[in-house]
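> Got a structure here, written out as structure tokens. Questions coming.
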Amino acid sequence: MTAPSRRLFVITLAALIGTIAFSNTQAQDPSDVSKAIQAQLDAAKKEQQTSQKQIALKTAAVDVAKKQNAKLEKQLKESQLRAAAEAKALVTANAAEAASAKMVATLGAKLKVHQKVDGLLAVAAAVRTQVDAATAKHQTLMDQLAAIRKSQFDQQQLGNKAASDLKAAQEQLPKTKEELTKARTAFDAVGKELDVARLAVSEARSTVRTSEAAVQPERVRLPKAHAALAQVNASIKSLQESLSVLQAAAKATGGDPAAAGSELSTSIAALKPLQQRATGLVAAVNASVAKAQKQVADSKTALAASETRFREQQTKYAEQSRSHFKLQLQTADLQNADKLHQKQIADAKAAQEQIAAQQKELEPKIAAAATEVEKLQSDYVGKQQIAEAAMEPLNRFVSFSKHIAPIFAKRCVACHNTRTASGRLNMDSFAALVKGGESGAAFEAHDADSSMLWAMIDDESMPKDADPLTKEENALIRKWINVGAPLDAGVVATADLFQVMPEIPQPLPPKTYRVAIPVTATAFTQDGAILASSGYHEILLWKTDDGSLIRRITNVAERVYDLEFSQDGSQLAVAAGTPGQLGEVKLFSVADGKHQKTLVRTKDAVFAVSYSPDGNRVAAAGADRVVYAVDIATGKTTLKIEDHADWVMDVNWSPDGKQLVTASRDKTAKVFEVATGQSVTTFNGHGNAVYSVAFLADGKSVVSAGSDKQARVWNPADAKEIRKIGGFGSDIFRITVTPDNHLLSASADKNAREHNLADGKVVRTFAGHKDWVYTLCYNPQRKLIATGSYDGEIRVWNSEDGSVATSFIAIPKATGEATVATAQE
């Protein structure tokens, strides 16, 4: 029971007792009773007030207690909530700690991976330092060799010049002596002419003095004659004035004017003859003076001419004197030249021998240094490639060759190449890209956001007038720039993008052809048992005897332009291309059709391929106007010649393998040295496109043919034409030379022909094709010729009698996948 309840119980009990007591005192005095009751009432009220106070106090205390209890309950609840939150936070902290522990473990493992990569990079960098040092050493040796070779060349030139000067001096001495004799004679003659001219000047001067002396008296007489004439004229004028006055006076007085002036008139008339004589005298004296002055002028003119002649003779005399003296010196020099030049020749020879000894000593060092550089470079490339492969999954490296070059080649190079560099930005190669364009650098390594290239790709202004790059392509380019825009180890910075991109497998050919396609290339194996022909994205191998299909070799560009088997028949070289997109030279195994190696890759078709006589190299040429020589074992391009102005249609080796001969659409055929790549001769005789060319068996002559409908035999040493062979009705597409120097040709006039190159006479015409004959090949072992035409027909001929051994349309039958080699490597 609470305290207020107890208080209420006590009050109620007291009232009850009072009532009972009142009942018991009913018999007492009413006033006493009232007082007693009043007193009880007052006491009860007082007690009630006290109780009310207590109730109020207790109620307040209860309220305070309730509030405190509520506060405590709230604090308890908050504490419980905090406890729950802390418990939850603890769980979260435990999870975070576990995650952190896992992250620490992951980052630790990742750090180890990155540290391992850093270690690989450090190893590669150390080798790179060795490469740089070895390269510097090699370059120093090469500089020394260049200096030695220059000195050797200079000494050789000095020796040659001395020998040439000696020979010239020996040849010139008699001529110079003869010239000296003639010069002496001329010198003496000029001396005599000078004396004559000197005498003429003296005489002319004397004549001038005489003429000047003669004119002076006449000049003295002239003023006197003028004075006399003036005096007479004045007298006549005075008399005429007086006569006029008298006649006027006479007329005024009525007298006779004529009579009055008769005497004056008579006097005037008397003076007239005197006036005439004075005038004649003046004229005579003037004429005399003019004559004398003319004589003076003429004598001076003669003097000037004499002086001019004298000066000319003086000049001529001086020139003859110098010439005579020069010839005297030349004669003396030529007479002394023998010893001087012999000494110069001996000195140059001795210097050359000394330089040759230095070169001989230096060359092994250079070879060793080059080997060391190559070895270290190979080691560096290998180690750097390992590091790059390890960095790529860590997002620290993006392969330019594998990922970036294909994007640029496909989407950018059409507008940004060597010939058409929009904005002066060339993207044909990594090196060209690094140079930037007219707006500056193309990219800022490690900062894509500050790179012009990325900005133009990101805002889709590149590629211009084309679909934007895909998100994946954008992401690759951005990532490549941000990781430093690296170039793969071993990739040449100046190499064309097409050269550094991964090779893409070519499409498979159709199982069969709906129509025949032109046969553009044929080739026999050495034994003649297999004939290869061109197909669509493939090469077809046929049995020569019956024309049955042996194998279809695929993973080839769209069009096959040339074929050649290796000497042992185990390997087939293929020149092919997809026009305007790619060109290639590939090697295939004849046994199973497997792709062995790609030797040449270009951006346009390759038209020709040829094995070297030793079988170690392949030459190729095509629409990029470049002639290539490639080592088969290493795949390295050993020679690259850019000399033609248009497509190179054919290339072949000389029998000794030292020269290459080419045919081009630029209307020329050229011969090049394989060792240096230098042009030897250029034959311009065709005047039209040249399609095919070959050396004769002895290597001393070349035969070429083309769209001028002529086969022309010429000398490779001086490019002089030896003979031309006509009789063709149209372009000549292909020629080959047999071991016995017969010319086999394929022509657009639908015929193949055989000519004797010794006299140019036709031996046989192989007729029967219904369309252009594009190609032919010859097998000397079995005396067979295979021709291919535009309509897809292949004919195999017996070269001895011109009969057809077999013929068929080069369409592979759809006999199942087993006959088609896979395009995947």
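Letters A, B, ... mark the chains of the structure tokens in the order given; residue numbers begin at 1 per chain; ligand numbers begin at 1, in order shown.
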Would you mind listing what lies within 12 Å of Gly490 (chain A) as a list in words, with only C-alpha atoms counted and same-chain residues fewer than 6 positions away left out?

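Here the answer would be Arg128, Glu374, Gln377, Ser378, Asp379, Tyr380, Val381, Gly382, Lys383, Gln384, Gln385, Ile386, Glu388, Ser399, Phe400, Ser401 and Val500 of chain A.
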
> Please identify every residue of region 373-415 of chain A that has at least one atom no farther than 10 Å from an atom of region 423-432 of chain A, counting only C-alpha atoms, and for each give the shortest atom pair and the distance in Å to one decimal, arranged by chain then increasing number, as a Markdown table.


```
| residue | atom | partner | partner_atom | distance |
| --- | --- | --- | --- | --- |
| A:Phe400 | CA | A:Phe430 | CA | 8.6 |
| A:Ser401 | CA | A:Phe430 | CA | 9.5 |
| A:Ala405 | CA | A:Phe430 | CA | 8.4 |
| A:Phe408 | CA | A:Met427 | CA | 7.3 |
| A:Ala409 | CA | A:Asp428 | CA | 7.6 |
| A:Cys412 | CA | A:Met427 | CA | 7.2 |
| A:Val413 | CA | A:Met427 | CA | 5.8 |
| A:Ala414 | CA | A:Met427 | CA | 9.2 |
| A:Cys415 | CA | A:Asn426 | CA | 8.5 |
```

> Which one is closest to His114 (chain A): A:Arg82, A:His769, A:Arg396, A:Lys636? Count only C-alpha atoms.

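Answer, going by the shortest atom-to-atom distance: A:Arg396.
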
> From the DSSP assignment of the backbone, select every residue of region 453-523 of chain A that is helix (DSSP H, G or I), and format the answer as a short mmCIF file (atom, residue, chain, number, x, y, z; two decimals) with all heavy atoms, in the first residue's frame.


```cif
data_model
loop_
_atom_site.label_atom_id
_atom_site.label_comp_id
_atom_site.auth_asym_id
_atom_site.auth_seq_id
_atom_site.Cartn_x
_atom_site.Cartn_y
_atom_site.Cartn_z
N LEU A 453 44.71 14.31 -79.17
CA LEU A 453 44.18 13.11 -79.83
C LEU A 453 42.95 12.61 -79.09
O LEU A 453 41.91 12.33 -79.70
CB LEU A 453 45.26 12.03 -79.91
CG LEU A 453 44.83 10.69 -80.50
CD1 LEU A 453 44.47 10.86 -81.96
CD2 LEU A 453 45.96 9.66 -80.35
N TRP A 454 43.06 12.49 -77.77
CA TRP A 454 41.94 11.98 -76.99
C TRP A 454 40.76 12.96 -77.03
O TRP A 454 39.60 12.54 -77.14
CB TRP A 454 42.35 11.72 -75.55
CG TRP A 454 41.17 11.46 -74.67
CD1 TRP A 454 40.66 12.25 -73.69
CD2 TRP A 454 40.30 10.32 -74.75
NE1 TRP A 454 39.55 11.68 -73.14
CE2 TRP A 454 39.29 10.49 -73.78
CE3 TRP A 454 40.29 9.19 -75.55
CZ2 TRP A 454 38.29 9.57 -73.57
CZ3 TRP A 454 39.28 8.25 -75.34
CH2 TRP A 454 38.30 8.45 -74.37
N ALA A 455 41.05 14.25 -76.97
CA ALA A 455 39.97 15.24 -76.98
C ALA A 455 39.14 15.12 -78.26
O ALA A 455 37.90 15.17 -78.22
CB ALA A 455 40.55 16.65 -76.86
N MET A 456 39.80 14.94 -79.39
CA MET A 456 39.09 14.86 -80.67
C MET A 456 38.36 13.54 -80.83
O MET A 456 37.31 13.47 -81.47
CB MET A 456 40.07 15.08 -81.82
CG MET A 456 40.74 16.45 -81.79
SD MET A 456 41.76 16.78 -83.24
CE MET A 456 40.51 17.06 -84.48
N ILE A 457 38.91 12.49 -80.23
CA ILE A 457 38.20 11.20 -80.25
C ILE A 457 37.01 11.24 -79.30
O ILE A 457 35.92 10.78 -79.62
CB ILE A 457 39.17 10.07 -79.88
CG1 ILE A 457 40.20 9.85 -81.00
CG2 ILE A 457 38.42 8.78 -79.62
CD1 ILE A 457 41.30 8.87 -80.65
N ASP A 458 37.23 11.84 -78.13
CA ASP A 458 36.19 11.87 -77.10
C ASP A 458 34.98 12.70 -77.53
O ASP A 458 33.84 12.34 -77.25
CB ASP A 458 36.78 12.41 -75.80
CG ASP A 458 35.81 12.27 -74.62
OD1 ASP A 458 35.18 11.21 -74.51
OD2 ASP A 458 35.70 13.21 -73.82
N LYS A 471 32.96 2.27 -77.69
CA LYS A 471 33.36 2.52 -76.31
C LYS A 471 34.62 1.74 -75.96
O LYS A 471 35.49 2.24 -75.24
CB LYS A 471 32.22 2.13 -75.37
CG LYS A 471 30.99 3.03 -75.46
CD LYS A 471 29.92 2.58 -74.47
CE LYS A 471 28.70 3.50 -74.53
NZ LYS A 471 27.64 3.08 -73.59
N GLU A 472 34.70 0.52 -76.45
CA GLU A 472 35.86 -0.31 -76.16
C GLU A 472 37.11 0.30 -76.78
O GLU A 472 38.19 0.33 -76.15
CB GLU A 472 35.66 -1.73 -76.70
CG GLU A 472 34.56 -2.54 -75.99
CD GLU A 472 33.16 -2.11 -76.39
OE1 GLU A 472 33.02 -1.36 -77.38
OE2 GLU A 472 32.21 -2.51 -75.69
N GLU A 473 36.99 0.79 -78.02
CA GLU A 473 38.14 1.41 -78.69
C GLU A 473 38.56 2.69 -77.97
O GLU A 473 39.75 2.95 -77.76
CB GLU A 473 37.80 1.70 -80.15
CG GLU A 473 37.67 0.45 -81.00
CD GLU A 473 37.11 0.73 -82.38
OE1 GLU A 473 36.37 1.74 -82.55
OE2 GLU A 473 37.39 -0.06 -83.30
N ASN A 474 37.57 3.50 -77.59
CA ASN A 474 37.86 4.72 -76.82
C ASN A 474 38.60 4.39 -75.53
O ASN A 474 39.59 5.04 -75.16
CB ASN A 474 36.57 5.46 -76.50
CG ASN A 474 36.05 6.24 -77.68
OD1 ASN A 474 36.72 6.34 -78.70
ND2 ASN A 474 34.86 6.79 -77.55
N ALA A 475 38.09 3.38 -74.83
CA ALA A 475 38.68 3.00 -73.54
C ALA A 475 40.12 2.54 -73.72
O ALA A 475 41.00 2.88 -72.91
CB ALA A 475 37.85 1.90 -72.88
N LEU A 476 40.38 1.79 -74.79
CA LEU A 476 41.75 1.31 -75.04
C LEU A 476 42.70 2.47 -75.31
O LEU A 476 43.82 2.51 -74.77
CB LEU A 476 41.75 0.34 -76.23
CG LEU A 476 41.39 -1.11 -75.94
CD1 LEU A 476 41.19 -1.88 -77.22
CD2 LEU A 476 42.48 -1.76 -75.09
N ILE A 477 42.26 3.42 -76.15
CA ILE A 477 43.13 4.55 -76.49
C ILE A 477 43.39 5.40 -75.25
O ILE A 477 44.53 5.82 -74.99
CB ILE A 477 42.50 5.39 -77.61
CG1 ILE A 477 42.47 4.57 -78.92
CG2 ILE A 477 43.28 6.69 -77.83
CD1 ILE A 477 41.69 5.22 -80.03
N ARG A 478 42.35 5.69 -74.47
CA ARG A 478 42.54 6.48 -73.24
C ARG A 478 43.49 5.78 -72.28
O ARG A 478 44.40 6.40 -71.72
CB ARG A 478 41.17 6.73 -72.59
CG ARG A 478 41.27 7.55 -71.30
CD ARG A 478 39.89 7.80 -70.70
NE ARG A 478 40.00 8.50 -69.44
CZ ARG A 478 40.16 9.81 -69.31
NH1 ARG A 478 40.21 10.57 -70.39
NH2 ARG A 478 40.27 10.38 -68.12
N LYS A 479 43.27 4.50 -72.12
CA LYS A 479 44.11 3.73 -71.20
C LYS A 479 45.55 3.70 -71.70
O LYS A 479 46.50 3.85 -70.91
CB LYS A 479 43.56 2.31 -71.09
CG LYS A 479 44.31 1.41 -70.11
CD LYS A 479 43.63 0.05 -70.05
CE LYS A 479 44.38 -0.93 -69.17
NZ LYS A 479 43.74 -2.26 -69.16
N TRP A 480 45.72 3.55 -73.02
CA TRP A 480 47.08 3.52 -73.59
C TRP A 480 47.83 4.83 -73.32
O TRP A 480 49.00 4.81 -72.93
CB TRP A 480 46.97 3.27 -75.10
CG TRP A 480 48.27 3.38 -75.84
CD1 TRP A 480 49.34 2.54 -75.77
CD2 TRP A 480 48.63 4.42 -76.76
NE1 TRP A 480 50.35 2.98 -76.60
CE2 TRP A 480 49.94 4.13 -77.21
CE3 TRP A 480 47.98 5.54 -77.25
CZ2 TRP A 480 50.60 4.94 -78.12
CZ3 TRP A 480 48.64 6.35 -78.17
CH2 TRP A 480 49.94 6.04 -78.59
N ILE A 481 47.13 5.95 -73.49
CA ILE A 481 47.78 7.25 -73.23
C ILE A 481 48.11 7.38 -71.74
O ILE A 481 49.21 7.81 -71.37
CB ILE A 481 46.87 8.41 -73.69
CG1 ILE A 481 46.69 8.37 -75.21
CG2 ILE A 481 47.47 9.75 -73.26
CD1 ILE A 481 45.68 9.39 -75.73
N ASN A 482 47.18 6.98 -70.89
CA ASN A 482 47.37 7.16 -69.45
C ASN A 482 48.47 6.27 -68.88
O ASN A 482 49.04 6.58 -67.83
CB ASN A 482 46.06 6.92 -68.70
CG ASN A 482 45.13 8.12 -68.78
OD1 ASN A 482 45.58 9.26 -68.93
ND2 ASN A 482 43.82 7.88 -68.70
N LEU A 497 52.15 1.08 -89.59
CA LEU A 497 51.19 0.43 -88.69
C LEU A 497 50.82 -0.96 -89.20
O LEU A 497 50.68 -1.91 -88.42
CB LEU A 497 49.90 1.27 -88.59
CG LEU A 497 50.01 2.63 -87.90
CD1 LEU A 497 48.63 3.27 -87.83
CD2 LEU A 497 50.59 2.51 -86.51
N PHE A 498 50.69 -1.06 -90.51
CA PHE A 498 50.32 -2.33 -91.10
C PHE A 498 51.35 -3.41 -90.79
O PHE A 498 51.02 -4.59 -90.66
CB PHE A 498 50.16 -2.15 -92.61
CG PHE A 498 49.49 -3.31 -93.29
CD1 PHE A 498 48.11 -3.41 -93.30
CD2 PHE A 498 50.23 -4.30 -93.90
CE1 PHE A 498 47.49 -4.47 -93.91
CE2 PHE A 498 49.61 -5.37 -94.52
CZ PHE A 498 48.23 -5.45 -94.53
N GLN A 499 52.62 -2.98 -90.66
CA GLN A 499 53.69 -3.94 -90.41
C GLN A 499 53.72 -4.42 -88.96
O GLN A 499 54.17 -5.53 -88.69
CB GLN A 499 55.05 -3.30 -90.75
CG GLN A 499 55.20 -2.85 -92.19
CD GLN A 499 55.19 -4.01 -93.17
OE1 GLN A 499 55.59 -5.11 -92.83
NE2 GLN A 499 54.74 -3.76 -94.39
N VAL A 500 53.25 -3.60 -88.04
CA VAL A 500 53.35 -3.98 -86.62
C VAL A 500 52.07 -4.60 -86.09
O VAL A 500 52.06 -5.17 -85.00
CB VAL A 500 53.73 -2.75 -85.76
CG1 VAL A 500 54.99 -2.10 -86.27
CG2 VAL A 500 52.60 -1.72 -85.71
#
```

> Taking only C-alpha atoms into account, name the residue in A:Ser745, A:Gln342, A:Ser612, A:Ser242 that is nearest to Ala162 (chain A).

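Smallest separation from Ala162 (chain A) among the options: A:Gln342.
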
> Would you mind telling me which residue in A:Leu696, A:Leu173, A:Leu362, A:Ile811 lies nearest to Glu538 (chain A) when using only C-alpha atoms?

A:Ile811

> Nearest to Leu194 (chain A) among A:Asp118, A:Asp488, A:Glu312, A:Asp143, with distances taken over only C-alpha atoms: which residue is it?

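So, comparing all the options, the nearest one is A:Glu312.
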
> Excluding same-chain residues fewer than 6 positions from region 721-738 of chain A, what lies within 8 Å of it counting only C-alpha atoms, as number ranges by chain?

A: 685, 691-697, 704-715, 744-749, 760-761, 773-778, 780

> Considering only C-alpha atoms, state which residue in the set A:Arg209, A:Lys192, A:Lys294, A:Lys349 is at the smallest distance from Gln157 (chain A).

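For Gln157 (chain A), the nearest of the given residues is A:Lys349.
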
> For a quick check of understanding, using only C-alpha atoms, which of A:Met142, A:Met391, A:Val62, A:Ala516 has the smallest distance to Ala367 (chain A)?

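Under the stated criterion, the closest residue is A:Met142.
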
> Calculate how many Å separate CA of Lys365 (chain A) from CA of Ala133 (chain A), rounding to one decimal.

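CA of Lys365 (chain A) sits 15.0 Å away from CA of Ala133 (chain A).
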
> Would you list the contacts of Ser211 (chain A) as JSON, numbers by chain, taking every protein, DNA or RNA residue within 9 Å and counting only C-alpha atoms, but skipping same-chain residues closer than 6 positions in sequence?

{"A": [292, 293, 294, 295, 296, 297, 299]}

> Just want the 12 Å neighbourhood of Asp562 (chain A), counted on only C-alpha atoms, with same-chain residues fewer than 3 positions away dropped. Output as a ChimeraX atom specification.

/A:519-523,532-535,539,559,565,572-577,583-586,605-611,619-622,649-652,692,734,774-777,788

> Write out as a PyMOL selection string all residues of region 687-797 of chain A that backbone DSSP assigns to strand (DSSP E).

chain A and resi 690-695+702-706+711-714+721-725+732-737+742-747+752-756+762-766+773-779+784-789+793-797

> Only C-alpha atoms, please: the residues just picked out, written as an mmCIF file, in the first residue's frame.


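To be explicit, this is the file written out as again05.cif:
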```
data_model
loop_
_atom_site.group_PDB
_atom_site.id
_atom_site.type_symbol
_atom_site.label_atom_id
_atom_site.label_comp_id
_atom_site.auth_asym_id
_atom_site.auth_seq_id
_atom_site.Cartn_x
_atom_site.Cartn_y
_atom_site.Cartn_z
ATOM 1 C CA VAL A 690 56.213 -3.174 -118.488
ATOM 2 C CA TYR A 691 54.571 -6.280 -117.018
ATOM 3 C CA SER A 692 57.239 -8.972 -116.971
ATOM 4 C CA VAL A 693 61.042 -9.252 -117.070
ATOM 5 C CA ALA A 694 63.751 -11.904 -116.712
ATOM 6 C CA PHE A 695 67.481 -12.492 -117.148
ATOM 7 C CA VAL A 702 67.586 -9.193 -120.064
ATOM 8 C CA VAL A 703 64.253 -9.613 -121.817
ATOM 9 C CA SER A 704 61.172 -7.576 -120.878
ATOM 10 C CA ALA A 705 57.637 -7.240 -122.219
ATOM 11 C CA GLY A 706 54.483 -5.264 -121.627
ATOM 12 C CA ALA A 711 59.386 -8.275 -126.136
ATOM 13 C CA ARG A 712 62.693 -6.437 -125.974
ATOM 14 C CA VAL A 713 66.139 -7.921 -125.310
ATOM 15 C CA TRP A 714 68.651 -5.486 -123.827
ATOM 16 C CA GLU A 721 68.478 -2.610 -126.820
ATOM 17 C CA ILE A 722 69.827 -5.691 -128.587
ATOM 18 C CA ARG A 723 66.672 -6.721 -130.419
ATOM 19 C CA LYS A 724 62.919 -6.521 -130.210
ATOM 20 C CA ILE A 725 60.442 -9.314 -130.855
ATOM 21 C CA ILE A 732 52.150 -9.376 -123.038
ATOM 22 C CA PHE A 733 51.339 -10.266 -119.420
ATOM 23 C CA ARG A 734 53.947 -12.877 -118.498
ATOM 24 C CA ILE A 735 57.265 -14.145 -119.834
ATOM 25 C CA THR A 736 59.690 -16.814 -118.721
ATOM 26 C CA VAL A 737 63.102 -17.817 -120.102
ATOM 27 C CA HIS A 742 63.911 -19.612 -125.428
ATOM 28 C CA LEU A 743 61.270 -17.051 -124.521
ATOM 29 C CA LEU A 744 57.827 -18.228 -123.443
ATOM 30 C CA SER A 745 55.111 -15.572 -123.316
ATOM 31 C CA ALA A 746 51.435 -15.199 -122.381
ATOM 32 C CA SER A 747 49.416 -12.538 -124.165
ATOM 33 C CA ALA A 752 51.071 -18.282 -125.724
ATOM 34 C CA ARG A 753 54.261 -18.262 -127.783
ATOM 35 C CA GLU A 754 57.795 -19.566 -127.869
ATOM 36 C CA HIS A 755 60.609 -17.508 -129.427
ATOM 37 C CA ASN A 756 64.301 -18.157 -129.932
ATOM 38 C CA VAL A 762 58.991 -17.527 -133.349
ATOM 39 C CA VAL A 763 59.358 -21.261 -132.684
ATOM 40 C CA ARG A 764 55.756 -22.137 -131.876
ATOM 41 C CA THR A 765 52.382 -20.592 -131.080
ATOM 42 C CA PHE A 766 50.199 -22.273 -128.458
ATOM 43 C CA VAL A 773 46.197 -15.736 -121.420
ATOM 44 C CA TYR A 774 47.311 -14.188 -118.140
ATOM 45 C CA THR A 775 50.073 -16.477 -116.995
ATOM 46 C CA LEU A 776 52.306 -19.394 -117.824
ATOM 47 C CA CYS A 777 55.052 -21.488 -116.248
ATOM 48 C CA TYR A 778 57.588 -23.985 -117.570
ATOM 49 C CA ASN A 779 58.970 -27.290 -116.288
ATOM 50 C CA LEU A 784 55.743 -28.932 -119.986
ATOM 51 C CA ILE A 785 54.139 -25.497 -120.210
ATOM 52 C CA ALA A 786 51.085 -24.550 -118.133
ATOM 53 C CA THR A 787 48.994 -21.575 -119.229
ATOM 54 C CA GLY A 788 46.115 -19.919 -117.376
ATOM 55 C CA SER A 789 43.479 -17.680 -118.922
ATOM 56 C CA GLU A 793 40.941 -22.550 -118.087
ATOM 57 C CA ILE A 794 44.320 -24.158 -117.438
ATOM 58 C CA ARG A 795 46.088 -25.919 -120.284
ATOM 59 C CA VAL A 796 49.179 -28.083 -119.927
ATOM 60 C CA TRP A 797 51.165 -28.231 -123.178
#
```
